[in-house]
Amino acid sequence: MTLEALFQSGNVTFLILGVMLIELVVLRRYLRSIPAIGFGMGEGACLLLALRSALIDQAWFFTAAWLAGSFFFHMLEVRSCLRDSAKR
C-alpha cells in the first residue's frame, strides 16, 4: 500500500490511533499521577476519527459527532486540570 493510498483510504488514522494507544499504556505505567492524560488521548482519538470520516467522505453528521466527542473529552480534561490546580 502506498502512502497516498493510506491517506485516501483514511487508514492512516488507525495507524496513528495504534501509536496513541501504545503511548497511553506507557504513560499510564510511568506517570500515574496525571489522570487527565486519558481525557487528552480521548480528545485526540475523536479528532482523528473526525479526520477519517472527512477523508472517506462520510456524511457530515459523523464528522460533527466525532468533533462533539472531542469537545466532551476536552471539557473533562479542563475540569480535571482545574480540580488538580484547586488542590494545590
# chains A, B, ... in the order shown; residues from 1 in each chain; ligands from 1

$ residues_around --residues "Arg83 (chain A)" --least-positions-apart "5" --cutoff "12 Å" --atoms "only C-alpha atoms" --output "list in words"
Pro35, Ala36, Leu76, Glu77, Val78 and Arg88 of chain A

$ write_last_selection --atoms "N, CA and C atoms" --output "CSV table (one decimal), in the first residue's frame"
chain,number,residue,atom,x,y,z
A,35,PRO,N,-3.9,12.1,35.9
A,35,PRO,CA,-5.2,11.4,35.5
A,35,PRO,C,-5.8,11.9,34.2
A,36,ALA,N,-5.5,13.2,33.9
A,36,ALA,CA,-6.1,13.8,32.7
A,36,ALA,C,-5.5,13.3,31.4
A,76,LEU,N,-13.8,17.4,30.0
A,76,LEU,CA,-13.4,16.6,31.1
A,76,LEU,C,-12.0,16.9,31.5
A,77,GLU,N,-11.1,17.1,30.5
A,77,GLU,CA,-9.7,17.4,30.8
A,77,GLU,C,-9.6,18.7,31.5
A,78,VAL,N,-10.3,19.7,31.0
A,78,VAL,CA,-10.3,21.1,31.7
A,78,VAL,C,-10.7,21.0,33.1
A,88,ARG,N,-3.9,22.4,45.0
A,88,ARG,CA,-2.5,23.0,45.3
A,88,ARG,C,-2.5,24.2,46.1

$ residues_around --residues "region 41-58 of chain A" --least-positions-apart "6" --cutoff "12 Å" --atoms "only C-alpha atoms" --output "VMD selection string"
chain A and resid 4 to 25 27 to 28 35 64 to 78

$ select_by_dssp --residues "region 10-77 of chain A" --states "alpha helix (DSSP H)" --output "ChimeraX atom specification"
/A:12-30,37-55,60-77

$ decode --residues "chain A" --atoms "C-alpha atoms" --output "CSV table (one decimal), in the first residue's frame"
chain,number,residue,atom,x,y,z
A,1,MET,CA,0.0,0.0,0.0
A,2,THR,CA,1.4,3.4,-1.0
A,3,LEU,CA,1.4,6.4,1.3
A,4,GLU,CA,-1.1,8.1,-0.9
A,5,ALA,CA,-3.5,5.1,-0.7
A,6,LEU,CA,-3.0,5.0,3.1
A,7,PHE,CA,-4.2,8.6,3.3
A,8,GLN,CA,-7.0,8.4,0.8
A,9,SER,CA,-8.5,5.3,2.5
A,10,GLY,CA,-8.4,7.0,5.9
A,11,ASN,CA,-6.4,4.1,7.3
A,12,VAL,CA,-3.6,6.4,8.3
A,13,THR,CA,-5.8,7.3,11.3
A,14,PHE,CA,-5.8,3.7,12.5
A,15,LEU,CA,-2.0,3.7,12.4
A,16,ILE,CA,-1.9,6.9,14.5
A,17,LEU,CA,-4.5,5.5,16.9
A,18,GLY,CA,-2.3,2.5,17.4
A,19,VAL,CA,0.7,4.7,18.2
A,20,MET,CA,-1.5,6.7,20.6
A,21,LEU,CA,-2.6,3.5,22.4
A,22,ILE,CA,1.0,2.5,22.9
A,23,GLU,CA,1.7,6.0,24.2
A,24,LEU,CA,-1.2,5.8,26.6
A,25,VAL,CA,-0.1,2.5,28.0
A,26,VAL,CA,3.5,3.7,28.5
A,27,LEU,CA,2.4,7.0,30.1
A,28,ARG,CA,-0.1,5.3,32.4
A,29,ARG,CA,2.6,2.9,33.6
A,30,TYR,CA,5.2,5.6,34.4
A,31,LEU,CA,3.0,8.7,35.1
A,32,ARG,CA,0.2,7.5,37.2
A,33,SER,CA,-0.1,10.9,38.9
A,34,ILE,CA,-1.5,12.5,35.7
A,35,PRO,CA,-5.2,11.4,35.5
A,36,ALA,CA,-6.1,13.8,32.7
A,37,ILE,CA,-3.9,12.0,30.2
A,38,GLY,CA,-6.7,9.7,29.3
A,39,PHE,CA,-9.0,12.6,28.6
A,40,GLY,CA,-6.4,14.2,26.3
A,41,MET,CA,-6.0,10.9,24.5
A,42,GLY,CA,-9.7,10.5,24.1
A,43,GLU,CA,-9.9,14.0,22.7
A,44,GLY,CA,-7.1,13.3,20.2
A,45,ALA,CA,-8.7,10.0,19.2
A,46,CYS,CA,-12.0,11.7,18.5
A,47,LEU,CA,-10.3,14.3,16.4
A,48,LEU,CA,-8.5,11.6,14.4
A,49,LEU,CA,-11.8,9.8,13.8
A,50,ALA,CA,-13.3,13.1,12.7
A,51,LEU,CA,-10.4,13.4,10.2
A,52,ARG,CA,-11.0,9.9,9.0
A,53,SER,CA,-14.7,10.5,8.5
A,54,ALA,CA,-13.9,13.6,6.4
A,55,LEU,CA,-11.2,11.7,4.4
A,56,ILE,CA,-13.5,8.9,3.4
A,57,ASP,CA,-16.4,11.3,2.7
A,58,GLN,CA,-18.8,10.1,5.3
A,59,ALA,CA,-21.9,12.1,6.0
A,60,TRP,CA,-21.3,15.4,7.7
A,61,PHE,CA,-23.0,14.3,10.9
A,62,PHE,CA,-20.4,11.6,11.6
A,63,THR,CA,-17.7,14.2,11.5
A,64,ALA,CA,-19.8,16.5,13.7
A,65,ALA,CA,-20.4,13.7,16.2
A,66,TRP,CA,-16.7,12.9,16.5
A,67,LEU,CA,-16.0,16.6,17.0
A,68,ALA,CA,-18.6,16.8,19.7
A,69,GLY,CA,-17.0,13.8,21.3
A,70,SER,CA,-13.7,15.6,21.2
A,71,PHE,CA,-15.2,18.6,22.9
A,72,PHE,CA,-16.7,16.4,25.6
A,73,PHE,CA,-13.3,14.9,26.4
A,74,HIS,CA,-11.8,18.4,26.3
A,75,MET,CA,-14.2,19.6,28.9
A,76,LEU,CA,-13.4,16.6,31.1
A,77,GLU,CA,-9.7,17.4,30.8
A,78,VAL,CA,-10.3,21.1,31.7
A,79,ARG,CA,-12.4,20.1,34.7
A,80,SER,CA,-9.7,17.6,35.8
A,81,CYS,CA,-6.9,20.2,35.5
A,82,LEU,CA,-9.0,22.8,37.4
A,83,ARG,CA,-9.7,20.3,40.1
A,84,ASP,CA,-6.0,19.5,40.3
A,85,SER,CA,-4.9,23.2,40.5
A,86,ALA,CA,-7.5,23.8,43.3
A,87,LYS,CA,-5.9,21.1,45.4
A,88,ARG,CA,-2.5,23.0,45.3
